[in-house]
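Next comes coords-v7.pdb, with PDB, C-alpha atoms and all ligand atoms.
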```pdb
ATOM      1  CA  MET A  54       0.000   0.000   0.000  1.00  0.00           C
ATOM      2  CA  LEU A  55       2.822   2.440   0.916  1.00  0.00           C
ATOM      3  CA  ALA A  56       4.617   1.630  -2.343  1.00  0.00           C
ATOM      4  CA  ALA A  57       1.400   2.378  -4.240  1.00  0.00           C
ATOM      5  CA  VAL A  58       1.150   5.770  -2.504  1.00  0.00           C
ATOM      6  CA  GLN A  59       4.803   6.628  -3.239  1.00  0.00           C
ATOM      7  CA  LYS A  60       4.414   5.483  -6.852  1.00  0.00           C
ATOM      8  CA  ASN A  61       0.974   6.940  -7.721  1.00  0.00           C
ATOM      9  CA  ALA A  62       0.352   9.888  -5.374  1.00  0.00           C
ATOM     10  CA  THR A  63       1.851  13.386  -5.574  1.00  0.00           C
ATOM     11  CA  ARG A  64       3.866  14.512  -2.554  1.00  0.00           C
ATOM     12  CA  GLY A  65       1.942  17.141  -0.590  1.00  0.00           C
ATOM     13  CA  ASP A  66      -1.369  16.288  -2.250  1.00  0.00           C
ATOM     14  CA  PRO A  67      -3.624  14.546   0.310  1.00  0.00           C
ATOM     15  CA  ARG A  68      -6.438  13.821  -2.183  1.00  0.00           C
ATOM     16  CA  SER A  69      -4.008  11.942  -4.448  1.00  0.00           C
ATOM     17  CA  VAL A  70      -2.845   9.885  -1.443  1.00  0.00           C
ATOM     18  CA  VAL A  71      -6.458   8.955  -0.608  1.00  0.00           C
ATOM     19  CA  LYS A  72      -7.144   8.083  -4.252  1.00  0.00           C
ATOM     20  CA  ALA A  73      -3.993   5.924  -4.519  1.00  0.00           C
ATOM     21  CA  ILE A  74      -4.929   3.915  -1.409  1.00  0.00           C
ATOM     22  CA  ASP A  75      -8.526   3.402  -2.561  1.00  0.00           C
ATOM     23  CA  GLN A  76      -7.327   2.280  -6.013  1.00  0.00           C
ATOM     24  CA  PHE A  77      -4.847  -0.164  -4.436  1.00  0.00           C
ATOM     25  CA  CYS A  78      -7.475  -1.605  -2.082  1.00  0.00           C
ATOM     26  CA  ARG A  79     -10.039  -2.042  -4.878  1.00  0.00           C
ATOM     27  CA  GLN A  80      -7.674  -3.476  -7.479  1.00  0.00           C
ATOM     28  CA  LYS A  81      -4.938  -5.268  -5.520  1.00  0.00           C
ATOM     29  CA  GLU A  82      -5.638  -6.063  -1.880  1.00  0.00           C
ATOM     30  CA  TRP A  83      -8.547  -5.326   0.504  1.00  0.00           C
ATOM     31  CA  ALA A  84      -7.554  -3.366   3.611  1.00  0.00           C
ATOM     32  CA  MET A  85      -9.530  -2.009   6.559  1.00  0.00           C
ATOM     33  CA  ASN A  86      -9.377   1.704   5.707  1.00  0.00           C
ATOM     34  CA  VAL A  87     -12.671   3.533   6.210  1.00  0.00           C
ATOM     35  CA  GLY A  88     -12.698   3.699   2.394  1.00  0.00           C
ATOM     36  CA  ASP A  89     -14.166   6.064  -0.192  1.00  0.00           C
ATOM     37  CA  GLU A  90     -17.909   5.558   0.462  1.00  0.00           C
ATOM     38  CA  LYS A  91     -17.832   5.971   4.261  1.00  0.00           C
ATOM     39  CA  GLY A  92     -14.955   8.426   3.731  1.00  0.00           C
ATOM     40  CA  CYS A  93     -17.356  10.854   2.043  1.00  0.00           C
ATOM     41  CA  ILE A  94     -19.611  10.754   5.112  1.00  0.00           C
ATOM     42  CA  LEU A  95     -16.532  11.314   7.303  1.00  0.00           C
ATOM     43  CA  ASP A  96     -15.543  14.305   5.129  1.00  0.00           C
ATOM     44  CA  SER A  97     -19.006  15.867   5.448  1.00  0.00           C
ATOM     45  CA  VAL A  98     -19.009  15.510   9.247  1.00  0.00           C
ATOM     46  CA  VAL A  99     -15.483  16.999   9.543  1.00  0.00           C
ATOM     47  CA  THR A 100     -16.454  19.906   7.285  1.00  0.00           C
ATOM     48  CA  GLU A 101     -19.661  20.524   9.262  1.00  0.00           C
ATOM     49  CA  VAL A 102     -17.920  20.390  12.685  1.00  0.00           C
ATOM     50  CA  ASN A 103     -14.827  22.321  11.489  1.00  0.00           C
ATOM     51  CA  PRO A 104     -12.979  21.094  14.610  1.00  0.00           C
ATOM     52  CA  ALA A 105      -9.972  22.743  16.267  1.00  0.00           C
ATOM     53  CA  THR A 106      -9.142  19.515  18.158  1.00  0.00           C
ATOM     54  CA  VAL A 107      -9.659  15.972  16.824  1.00  0.00           C
ATOM     55  CA  LEU A 108      -8.896  12.594  18.402  1.00  0.00           C
ATOM     56  CA  GLU A 109      -8.685   9.543  16.115  1.00  0.00           C
ATOM     57  CA  LEU A 110      -8.666   6.140  17.831  1.00  0.00           C
ATOM     58  CA  GLY A 111      -7.080   3.694  15.393  1.00  0.00           C
ATOM     59  CA  THR A 112      -4.697   5.144  12.812  1.00  0.00           C
ATOM     60  CA  TYR A 113      -4.027   1.930  10.884  1.00  0.00           C
ATOM     61  CA  CYS A 114      -2.168   3.144   7.734  1.00  0.00           C
ATOM     62  CA  GLY A 115      -3.258   6.759   8.058  1.00  0.00           C
ATOM     63  CA  TYR A 116      -5.967   6.838   5.365  1.00  0.00           C
ATOM     64  CA  SER A 117      -8.642   8.485   7.544  1.00  0.00           C
ATOM     65  CA  THR A 118      -5.972  10.559   9.284  1.00  0.00           C
ATOM     66  CA  VAL A 119      -5.107  12.092   5.884  1.00  0.00           C
ATOM     67  CA  ARG A 120      -8.793  12.528   4.948  1.00  0.00           C
ATOM     68  CA  ILE A 121      -9.524  14.365   8.211  1.00  0.00           C
ATOM     69  CA  ALA A 122      -6.316  16.419   8.444  1.00  0.00           C
ATOM     70  CA  SER A 123      -6.678  17.654   4.849  1.00  0.00           C
ATOM     71  CA  LEU A 124      -9.991  19.310   5.842  1.00  0.00           C
ATOM     72  CA  LEU A 125      -8.829  20.983   9.073  1.00  0.00           C
ATOM     73  CA  PRO A 126      -8.298  24.727   9.546  1.00  0.00           C
ATOM     74  CA  SER A 127      -4.623  25.786   9.774  1.00  0.00           C
ATOM     75  CA  ASN A 128      -4.324  25.973  13.577  1.00  0.00           C
ATOM     76  CA  ALA A 129      -6.246  22.729  14.216  1.00  0.00           C
ATOM     77  CA  LYS A 130      -4.642  19.640  15.788  1.00  0.00           C
ATOM     78  CA  LEU A 131      -5.364  15.963  15.125  1.00  0.00           C
ATOM     79  CA  ILE A 132      -4.078  13.420  17.648  1.00  0.00           C
ATOM     80  CA  THR A 133      -4.226   9.846  16.367  1.00  0.00           C
ATOM     81  CA  LEU A 134      -3.602   6.769  18.540  1.00  0.00           C
ATOM     82  CA  GLU A 135      -2.253   3.497  17.130  1.00  0.00           C
ATOM     83  CA  PHE A 136      -1.464   0.411  19.207  1.00  0.00           C
ATOM     84  CA  ASN A 137       0.323  -1.579  16.490  1.00  0.00           C
ATOM     85  CA  PRO A 138       3.883  -0.276  15.847  1.00  0.00           C
ATOM     86  CA  ASP A 139       3.992  -1.694  12.305  1.00  0.00           C
ATOM     87  CA  TYR A 140       0.800   0.143  11.334  1.00  0.00           C
ATOM     88  CA  ALA A 141       2.154   3.302  13.018  1.00  0.00           C
ATOM     89  CA  ALA A 142       5.407   3.144  11.027  1.00  0.00           C
ATOM     90  CA  ILE A 143       3.490   2.965   7.733  1.00  0.00           C
ATOM     91  CA  ALA A 144       1.030   5.665   8.795  1.00  0.00           C
ATOM     92  CA  ARG A 145       3.846   8.110   9.588  1.00  0.00           C
ATOM     93  CA  GLN A 146       5.147   7.733   6.026  1.00  0.00           C
ATOM     94  CA  VAL A 147       1.683   8.055   4.467  1.00  0.00           C
ATOM     95  CA  ILE A 148       0.962  11.200   6.529  1.00  0.00           C
ATOM     96  CA  ALA A 149       4.380  12.629   5.568  1.00  0.00           C
ATOM     97  CA  TRP A 150       3.775  11.895   1.855  1.00  0.00           C
ATOM     98  CA  ALA A 151       0.527  13.853   2.114  1.00  0.00           C
ATOM     99  CA  GLY A 152       2.486  16.732   3.693  1.00  0.00           C
ATOM    100  CA  LEU A 153       0.279  16.777   6.795  1.00  0.00           C
ATOM    101  CA  GLU A 154       2.872  16.149   9.544  1.00  0.00           C
ATOM    102  CA  ASP A 155       2.323  19.617  11.040  1.00  0.00           C
ATOM    103  CA  LYS A 156      -1.371  18.973  11.726  1.00  0.00           C
ATOM    104  CA  VAL A 157      -1.033  15.412  12.979  1.00  0.00           C
ATOM    105  CA  GLN A 158       0.428  13.932  16.164  1.00  0.00           C
ATOM    106  CA  LEU A 159       0.626  10.134  15.927  1.00  0.00           C
ATOM    107  CA  VAL A 160       0.905   8.502  19.355  1.00  0.00           C
ATOM    108  CA  GLU A 161       1.785   4.816  19.740  1.00  0.00           C
ATOM    109  CA  GLY A 162       0.205   2.890  22.569  1.00  0.00           C
ATOM    110  CA  ALA A 163      -3.058   1.766  24.114  1.00  0.00           C
ATOM    111  CA  SER A 164      -5.997   4.188  24.065  1.00  0.00           C
ATOM    112  CA  GLY A 165      -6.900   3.214  27.633  1.00  0.00           C
ATOM    113  CA  ASP A 166      -3.472   4.379  28.806  1.00  0.00           C
ATOM    114  CA  TRP A 167      -3.286   7.553  26.730  1.00  0.00           C
ATOM    115  CA  ILE A 168      -6.786   9.014  27.091  1.00  0.00           C
ATOM    116  CA  PRO A 169      -6.224   9.930  30.788  1.00  0.00           C
ATOM    117  CA  LYS A 170      -2.982  11.698  29.809  1.00  0.00           C
ATOM    118  CA  MET A 171      -4.336  13.848  26.964  1.00  0.00           C
ATOM    119  CA  LYS A 172      -4.608  17.038  29.015  1.00  0.00           C
ATOM    120  CA  GLU A 173      -1.177  16.871  30.674  1.00  0.00           C
ATOM    121  CA  LYS A 174       0.744  15.512  27.650  1.00  0.00           C
ATOM    122  CA  PHE A 175      -0.837  17.472  24.793  1.00  0.00           C
ATOM    123  CA  GLY A 176      -2.433  20.454  26.508  1.00  0.00           C
ATOM    124  CA  ILE A 177      -5.846  19.408  25.206  1.00  0.00           C
ATOM    125  CA  GLU A 178      -8.877  20.643  27.154  1.00  0.00           C
ATOM    126  CA  THR A 179     -11.627  18.931  25.187  1.00  0.00           C
ATOM    127  CA  PHE A 180     -12.029  17.312  21.750  1.00  0.00           C
ATOM    128  CA  ASP A 181     -14.438  18.828  19.230  1.00  0.00           C
ATOM    129  CA  LEU A 182     -14.498  15.577  17.228  1.00  0.00           C
ATOM    130  CA  VAL A 183     -13.545  11.960  18.026  1.00  0.00           C
ATOM    131  CA  PHE A 184     -13.315   9.339  15.244  1.00  0.00           C
ATOM    132  CA  LEU A 185     -13.557   5.805  16.698  1.00  0.00           C
ATOM    133  CA  ASP A 186     -12.011   3.177  14.425  1.00  0.00           C
ATOM    134  CA  HIS A 187      -9.915   0.952  16.692  1.00  0.00           C
ATOM    135  CA  TRP A 188     -10.713  -2.346  18.450  1.00  0.00           C
ATOM    136  CA  LYS A 189     -14.499  -2.609  18.373  1.00  0.00           C
ATOM    137  CA  ASP A 190     -14.677  -3.785  22.000  1.00  0.00           C
ATOM    138  CA  ARG A 191     -12.825  -0.635  23.073  1.00  0.00           C
ATOM    139  CA  TYR A 192     -15.363   1.871  21.705  1.00  0.00           C
ATOM    140  CA  LEU A 193     -17.576   1.744  24.819  1.00  0.00           C
ATOM    141  CA  PRO A 194     -14.912   1.661  27.568  1.00  0.00           C
ATOM    142  CA  ASP A 195     -12.936   4.432  25.859  1.00  0.00           C
ATOM    143  CA  THR A 196     -16.060   6.592  25.449  1.00  0.00           C
ATOM    144  CA  LYS A 197     -16.806   6.229  29.159  1.00  0.00           C
ATOM    145  CA  LEU A 198     -13.157   7.021  29.903  1.00  0.00           C
ATOM    146  CA  MET A 199     -13.324  10.199  27.781  1.00  0.00           C
ATOM    147  CA  GLU A 200     -16.447  11.255  29.703  1.00  0.00           C
ATOM    148  CA  GLU A 201     -14.739  10.599  33.043  1.00  0.00           C
ATOM    149  CA  CYS A 202     -11.581  12.495  32.007  1.00  0.00           C
ATOM    150  CA  GLY A 203     -13.664  15.525  30.989  1.00  0.00           C
ATOM    151  CA  LEU A 204     -12.429  15.340  27.396  1.00  0.00           C
ATOM    152  CA  LEU A 205     -15.934  15.864  25.957  1.00  0.00           C
ATOM    153  CA  ARG A 206     -17.800  19.176  26.062  1.00  0.00           C
ATOM    154  CA  LYS A 207     -21.414  20.073  25.233  1.00  0.00           C
ATOM    155  CA  GLY A 208     -21.509  19.665  21.453  1.00  0.00           C
ATOM    156  CA  SER A 209     -18.506  17.328  21.062  1.00  0.00           C
ATOM    157  CA  ILE A 210     -19.111  14.901  18.192  1.00  0.00           C
ATOM    158  CA  LEU A 211     -18.292  11.179  18.273  1.00  0.00           C
ATOM    159  CA  LEU A 212     -18.167   9.448  14.879  1.00  0.00           C
ATOM    160  CA  ALA A 213     -17.834   5.651  15.053  1.00  0.00           C
ATOM    161  CA  ASP A 214     -16.855   3.388  12.144  1.00  0.00           C
ATOM    162  CA  ASN A 215     -18.002  -0.250  11.747  1.00  0.00           C
ATOM    163  CA  VAL A 216     -21.048  -0.120  13.990  1.00  0.00           C
ATOM    164  CA  ILE A 217     -22.614  -2.918  11.821  1.00  0.00           C
ATOM    165  CA  CYS A 218     -19.569  -4.790  10.465  1.00  0.00           C
ATOM    166  CA  PRO A 219     -17.598  -6.013  12.426  1.00  0.00           C
ATOM    167  CA  GLY A 220     -20.139  -4.351  14.766  1.00  0.00           C
ATOM    168  CA  THR A 221     -20.031  -2.613  18.127  1.00  0.00           C
ATOM    169  CA  PRO A 222     -23.267  -3.759  19.818  1.00  0.00           C
ATOM    170  CA  ASP A 223     -22.486  -2.673  23.383  1.00  0.00           C
ATOM    171  CA  TYR A 224     -21.364   0.796  22.186  1.00  0.00           C
ATOM    172  CA  LEU A 225     -24.497   1.242  20.024  1.00  0.00           C
ATOM    173  CA  GLU A 226     -26.795   0.158  22.849  1.00  0.00           C
ATOM    174  CA  TYR A 227     -25.135   2.604  25.267  1.00  0.00           C
ATOM    175  CA  ILE A 228     -24.883   5.611  22.987  1.00  0.00           C
ATOM    176  CA  ARG A 229     -28.419   5.247  21.543  1.00  0.00           C
ATOM    177  CA  ASN A 230     -30.047   4.883  24.975  1.00  0.00           C
ATOM    178  CA  SER A 231     -28.006   7.396  26.936  1.00  0.00           C
ATOM    179  CA  PRO A 232     -29.796  10.705  27.675  1.00  0.00           C
ATOM    180  CA  ARG A 233     -26.364  12.365  27.382  1.00  0.00           C
ATOM    181  CA  TYR A 234     -26.092  11.733  23.608  1.00  0.00           C
ATOM    182  CA  LYS A 235     -28.141  12.429  20.495  1.00  0.00           C
ATOM    183  CA  SER A 236     -27.251   9.810  17.841  1.00  0.00           C
ATOM    184  CA  GLN A 237     -27.753   9.423  14.102  1.00  0.00           C
ATOM    185  CA  TYR A 238     -26.934   6.377  11.940  1.00  0.00           C
ATOM    186  CA  PHE A 239     -25.408   6.837   8.464  1.00  0.00           C
ATOM    187  CA  LYS A 240     -26.047   3.653   6.481  1.00  0.00           C
ATOM    188  CA  SER A 241     -23.230   2.710   4.095  1.00  0.00           C
ATOM    189  CA  HIS A 242     -21.121  -0.315   3.176  1.00  0.00           C
ATOM    190  CA  LEU A 243     -18.030  -2.028   4.494  1.00  0.00           C
ATOM    191  CA  GLU A 244     -15.061  -0.503   2.698  1.00  0.00           C
ATOM    192  CA  TYR A 245     -14.596  -1.736  -0.881  1.00  0.00           C
ATOM    193  CA  THR A 246     -17.484  -4.253  -0.544  1.00  0.00           C
ATOM    194  CA  LYS A 247     -21.292  -4.513  -0.847  1.00  0.00           C
ATOM    195  CA  VAL A 248     -21.643  -5.685   2.762  1.00  0.00           C
ATOM    196  CA  GLU A 249     -23.737  -3.354   4.934  1.00  0.00           C
ATOM    197  CA  ASP A 250     -21.911  -1.175   7.435  1.00  0.00           C
ATOM    198  CA  GLY A 251     -22.379   2.357   8.717  1.00  0.00           C
ATOM    199  CA  LEU A 252     -21.165   5.243  10.829  1.00  0.00           C
ATOM    200  CA  GLU A 253     -22.861   6.356  14.053  1.00  0.00           C
ATOM    201  CA  LYS A 254     -22.634  10.099  14.719  1.00  0.00           C
ATOM    202  CA  SER A 255     -23.353  11.146  18.295  1.00  0.00           C
ATOM    203  CA  VAL A 256     -23.458  14.603  19.895  1.00  0.00           C
ATOM    204  CA  PHE A 257     -22.459  14.794  23.575  1.00  0.00           C
ATOM    205  CA  LEU A 258     -25.134  16.875  25.345  1.00  0.00           C
ATOM    206  CA  GLY A 259     -23.040  17.584  28.450  1.00  0.00           C
TER     207      GLY A 259
HETATM  208  O1  LIG B   1     -10.543  -4.087  13.424  1.00  0.00           O
HETATM  209  C1  LIG B   1     -10.682  -3.068  12.785  1.00  0.00           C
HETATM  210  N1  LIG B   1     -10.053  -1.934  13.120  1.00  0.00           N
HETATM  211  C2  LIG B   1      -9.137  -1.932  14.291  1.00  0.00           C
HETATM  212  C3  LIG B   1      -7.735  -2.444  13.883  1.00  0.00           C
HETATM  213  C4  LIG B   1      -6.802  -2.626  15.058  1.00  0.00           C
HETATM  214  C5  LIG B   1      -6.742  -1.395  15.942  1.00  0.00           C
HETATM  215  C6  LIG B   1      -5.532  -1.424  16.833  1.00  0.00           C
HETATM  216  N2  LIG B   1      -5.633  -0.265  17.729  1.00  0.00           N
HETATM  217  C7  LIG B   1      -5.401   1.017  17.381  1.00  0.00           C
HETATM  218  C8  LIG B   1      -5.625   1.770  18.521  1.00  0.00           C
HETATM  219  N3  LIG B   1      -5.968   0.942  19.536  1.00  0.00           N
HETATM  220  C9  LIG B   1      -5.971  -0.308  19.045  1.00  0.00           C
HETATM  221  C10 LIG B   1     -11.540  -3.076  11.541  1.00  0.00           C
HETATM  222  C11 LIG B   1     -11.893  -4.313  10.978  1.00  0.00           C
HETATM  223  C12 LIG B   1     -12.667  -4.369   9.809  1.00  0.00           C
HETATM  224  C13 LIG B   1     -13.032  -5.684   9.218  1.00  0.00           C
HETATM  225  C14 LIG B   1     -14.310  -5.879   8.659  1.00  0.00           C
HETATM  226  C15 LIG B   1     -14.654  -7.106   8.094  1.00  0.00           C
HETATM  227  C16 LIG B   1     -13.725  -8.146   8.096  1.00  0.00           C
HETATM  228  F1  LIG B   1     -14.060  -9.335   7.535  1.00  0.00           F
HETATM  229  C17 LIG B   1     -12.477  -7.963   8.664  1.00  0.00           C
HETATM  230  C18 LIG B   1     -12.125  -6.739   9.215  1.00  0.00           C
HETATM  231  C19 LIG B   1     -13.079  -3.180   9.171  1.00  0.00           C
HETATM  232  C20 LIG B   1     -12.737  -1.949   9.736  1.00  0.00           C
HETATM  233  O2  LIG B   1     -13.134  -0.777   9.144  1.00  0.00           O
HETATM  234  C21 LIG B   1     -11.984  -1.884  10.917  1.00  0.00           C
HETATM  235  O3  LIG B   1     -11.696  -0.643  11.428  1.00  0.00           O
HETATM  236 MG    MG B   2     -12.909   0.836  10.463  1.00  0.00          MG
END
```
I need this file expressed as structure tokens, please.
Ligand SMILES: O=C(NCCCCCn1ccnc1)c1cc(-c2ccc(F)cc2)cc(O)c1O
Ligand SMILES: [Mg+2]
Amino acid sequence: MLAAVQKNATRGDPRSVVKAIDQFCRQKEWAMNVGDEKGCILDSVVTEVNPATVLELGTYCGYSTVRIASLLPSNAKLITLEFNPDYAAIARQVIAWAGLEDKVQLVEGASGDWIPKMKEKFGIETFDLVFLDHWKDRYLPDTKLMEECGLLRKGSILLADNVICPGTPDYLEYIRNSPRYKSQYFKSHLEYTKVEDGLEKSVFLG
């Protein structure tokens, strides 16, 4: 995938990086990027929220990191957490190829360890937008942890990938029944396939 980016995408051009990855994943080898169909929904949410601070849980190869960062205002910051060092190493190179290093801070480690340190380590008060795309059984515990650490403010947006496939049943049940969130489901498909999947967008009500 990285070779395809370096061969087919223009340095400093995030859209060409996104296009090169999507082409590779359609023609050569499936990979678990959010993909072009759900990626358009992601783009519209990022544009609507116009966030100054973004947290991405699950960098993988940096595809959604590049999609999000390319839409951020100049002073905005995106912190992305990746547990797997091999994924992180690739993502750093993909983000660099897109020329977005200045907007992105990639942190390696477990979300459960890093979320409580966000304020002290990165000077973050609250996140305007959180994109959940990591282990599906971590969506709920990490959301509760973000609440407890005061990282969400009235109006913070959570956008969760894969709520149908692979699925995040405990997260969906919580977020759709909690009086502290207003949720909306965006029906789509699993990246590069015809299988149903979707994104769940939730507003924290404080
Ligand atoms: O597991 C996924 N992502 C997490 C990867 C590891 C995260 C590590 N990490 C980062 C930070 N903290 C922990 C995922 C899986 C699939 C999928 C769907 C169908 C199928 F047949 C196989 C796979 C599709 C996605 O869109 C996904 O996002
Ligand atoms: Mg995903």
Write as a list of chain:residue names the residues around ligand MG 2 (chain B), taking 10 Å as the cut-off and counting all atoms listed in the file.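 Every residue with an atom at most 10 Å from ligand MG 2 (chain B) is listed here: A:Ala84, A:Met85, A:Asn86, A:Val87, A:Gly88, A:Lys91, A:Gly111, A:Thr112, A:Tyr113, A:Ser117, A:Phe184, A:Leu185, A:Asp186, A:His187, A:Trp188, A:Lys189, A:Ala213, A:Asp214, A:Asn215, A:Val216, A:Cys218, A:Pro219, A:Gly220, A:Leu243, A:Glu244, A:Asp250, A:Gly251, A:Leu252.
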One-decimal distance in Å that lies between atom C15 of ligand LIG 1 (chain B) and atom CA of A:Tyr192: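 Going from atom CA of A:Tyr192 over to atom C15 of ligand LIG 1 (chain B) covers 16.3 Å.
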Expand the PyMOL selection byres (((chain A and resi 101) around 12) and not hetatm) into the explicit residue set it covers here, and present it as a ChimeraX atom specification. /A:94-100,102-104,121,124-125,181-182,210
Residues matched by the PyMOL selection byres (((chain A and resi 141) around 10) and not hetatm), written as a PyMOL selection string: chain A and resi 111-115+133-140+142-147+159-162
Enclose all atoms of stretch 188-196 of chain A listed in the file in an axis-aligned box, grow every side by 5 Å, and hand back centre and edge lengths in Å to one decimal, as lines of an AutoDock Vina configuration file.
```
center_x = -14.1
center_y = 1.4
center_z = 23.0
size_x = 16.9
size_y = 20.4
size_z = 19.2
```
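For the point (-8.2, 11.4, 25.6), the residues with an atom at a distance of at most 8 Å are Leu108, Ser164, Trp167, Ile168, Pro169, Lys170, Met171, Lys172, Leu198, Met199, Cys202 and Leu204 of chain A, counting all atoms listed in the file.
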Residues matched by the PyMOL selection byres (((chain A and resi 67) around 9) and not hetatm), written as a PyMOL selection string: chain A and resi 62-66+68-72+119-120+122-123+148+150-153
How many Å lie between atom CA of A:Gly176 and atom CA of A:Lys207, rounded to one decimal?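 Calculated distance between atom CA of A:Gly176 and atom CA of A:Lys207 is 19.0 Å.
Minimum distance to ligand LIG 1 (chain B) across A:Asp223, A:Glu201, A:Asp89, A:Glu173 (counting all atoms listed in the file) occurs at A:Asp89.
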I need the residue nearest ligand LIG 1 (chain B) from this list: A:Glu200, A:Glu178, A:Asp190, A:Asp155. Use only C-alpha atoms and all ligand atoms for the distance.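 Of A:Glu200, A:Glu178, A:Asp190, A:Asp155, the one nearest ligand LIG 1 (chain B), counting only C-alpha atoms and all ligand atoms, is A:Asp190.
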Taking all atoms listed in the file into account, name the residue in A:Thr179, A:Leu225, A:Val107, A:Tyr234 that is nearest to A:Gly203. A:Thr179
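Computed from the coordinates, the atom CA of A:Phe239 to atom CA of A:Thr221 distance equals 14.5 Å.
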Rank nothing, just name the residue among A:Thr196, A:Lys174, A:Gln80, A:Gln158 nearest to A:Tyr227, using all atoms listed in the file.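 Residue with the minimum atom-to-atom distance to A:Tyr227: A:Thr196.
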Here is a test: counting all atoms listed in the file, which residue of A:Leu131, A:Met54, A:Leu258, A:Ile217 is nearest to A:Trp83?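 When distances to A:Trp83 are compared using all atoms listed in the file, the smallest one comes from A:Met54.
Distances from A:Pro126, A:Gly259, A:Pro222, A:Gly92 to A:Leu205 were compared using only C-alpha atoms, and the smallest one belongs to A:Gly259.
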